[in-house]
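Data block below; observations after.
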Amino acid sequence: MEVKIGVQYAPREIVMESKQTPDEVESTVAAALEKGSGLLSLEDEHGRKVLIPADRVAYIEIGQPSGRKVGFGAI
């Protein structure tokens, strides 16, 4: 699924594909924001971790699970 993270004072959002369910991402974000000074840690589909200071998170957009993209054209 696609996760978009807006970070304060950053000109671009962070876009990543994750194997986690929308509920898992939401609970991870909520736990990081409750701490206030903690880190938001999410893992992408390749096993890489993205760490963001929780107090700098502007917004999180959680998308639907994406299917595998095949071919060159847009449908």
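Labels used: A, B, ... for chains in the order of the structure tokens, numbers from 1 for residues in each chain, and numbers from 1 for ligands as shown.
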Spatial neighbours of region 5-18 of chain A, 7 Å, only C-alpha atoms, chain gap at least 2 places, as an MDAnalysis selection string: chainID A and resid 1:3 20 43:45 56:61
Members of chain A assigned strand (DSSP E) by DSSP, as number ranges by chain: A: 2-7, 14-17, 39-43, 49-53, 57-62
Interatomic distance (Å, one decimal) between CA of Leu33 (chain A) and CA of Arg48 (chain A):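 Between CA of Leu33 (chain A) and CA of Arg48 (chain A) the gap works out to 21.1 Å.
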One-decimal distance in Å that lies between CA of Phe72 (chain A) and CA of Lys49 (chain A):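 Atom-to-atom, CA of Lys49 (chain A) and CA of Phe72 (chain A) are spaced 28.8 Å apart.
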Helix (DSSP H, G or I) residues, from DSSP on the backbone, in chain A, as a ChimeraX atom specification: /A:22-35,54-56
Selected residues, N, CA, C and O atoms, written as a compact mmCIF listing (two decimals), in the first residue's frame, please.
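Dumped to out_13.txt:
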# COMPACT_ATOMS: atom_id res chain seq x y z
N PRO A 22 -3.25 -0.98 6.52
CA PRO A 22 -3.59 0.39 6.92
C PRO A 22 -3.75 0.54 8.44
O PRO A 22 -3.34 1.55 9.01
N ASP A 23 -4.32 -0.48 9.10
CA ASP A 23 -4.49 -0.41 10.55
C ASP A 23 -3.14 -0.43 11.27
O ASP A 23 -2.96 0.26 12.28
N GLU A 24 -2.18 -1.22 10.78
CA GLU A 24 -0.85 -1.27 11.39
C GLU A 24 -0.13 0.07 11.24
O GLU A 24 0.48 0.55 12.20
N VAL A 25 -0.23 0.67 10.07
CA VAL A 25 0.40 1.97 9.85
C VAL A 25 -0.23 3.02 10.75
O VAL A 25 0.46 3.81 11.40
N GLU A 26 -1.55 3.01 10.83
CA GLU A 26 -2.25 3.98 11.66
C GLU A 26 -1.88 3.85 13.13
O GLU A 26 -1.63 4.85 13.82
N SER A 27 -1.79 2.63 13.64
CA SER A 27 -1.44 2.44 15.05
C SER A 27 0.01 2.83 15.32
O SER A 27 0.32 3.39 16.37
N THR A 28 0.91 2.58 14.35
CA THR A 28 2.31 2.97 14.50
C THR A 28 2.44 4.48 14.55
O THR A 28 3.16 5.04 15.38
N VAL A 29 1.72 5.17 13.66
CA VAL A 29 1.74 6.63 13.64
C VAL A 29 1.15 7.20 14.92
O VAL A 29 1.72 8.11 15.53
N ALA A 30 0.03 6.65 15.36
CA ALA A 30 -0.61 7.14 16.58
C ALA A 30 0.29 6.97 17.80
O ALA A 30 0.39 7.87 18.64
N ALA A 31 0.97 5.84 17.89
CA ALA A 31 1.87 5.60 19.02
C ALA A 31 3.04 6.58 19.01
O ALA A 31 3.44 7.09 20.06
N ALA A 32 3.58 6.88 17.82
CA ALA A 32 4.71 7.82 17.73
C ALA A 32 4.26 9.23 18.07
O ALA A 32 4.99 9.98 18.74
N LEU A 33 3.06 9.61 17.65
CA LEU A 33 2.58 10.96 17.93
C LEU A 33 2.21 11.15 19.40
O LEU A 33 2.31 12.26 19.92
N GLU A 34 1.79 10.10 20.07
CA GLU A 34 1.46 10.19 21.50
C GLU A 34 2.69 10.50 22.33
O GLU A 34 2.61 11.23 23.31
N LYS A 35 3.84 9.96 21.93
CA LYS A 35 5.07 10.20 22.67
C LYS A 35 5.53 11.64 22.53
O LYS A 35 6.19 12.17 23.41
N ALA A 54 8.75 12.56 15.21
CA ALA A 54 7.29 12.61 15.31
C ALA A 54 6.76 14.04 15.42
O ALA A 54 5.67 14.33 14.92
N ASP A 55 7.53 14.93 16.02
CA ASP A 55 7.05 16.30 16.16
C ASP A 55 7.14 17.10 14.86
O ASP A 55 6.66 18.22 14.80
N ARG A 56 7.71 16.53 13.80
CA ARG A 56 7.82 17.20 12.50
C ARG A 56 6.83 16.65 11.47
O ARG A 56 6.80 17.11 10.33
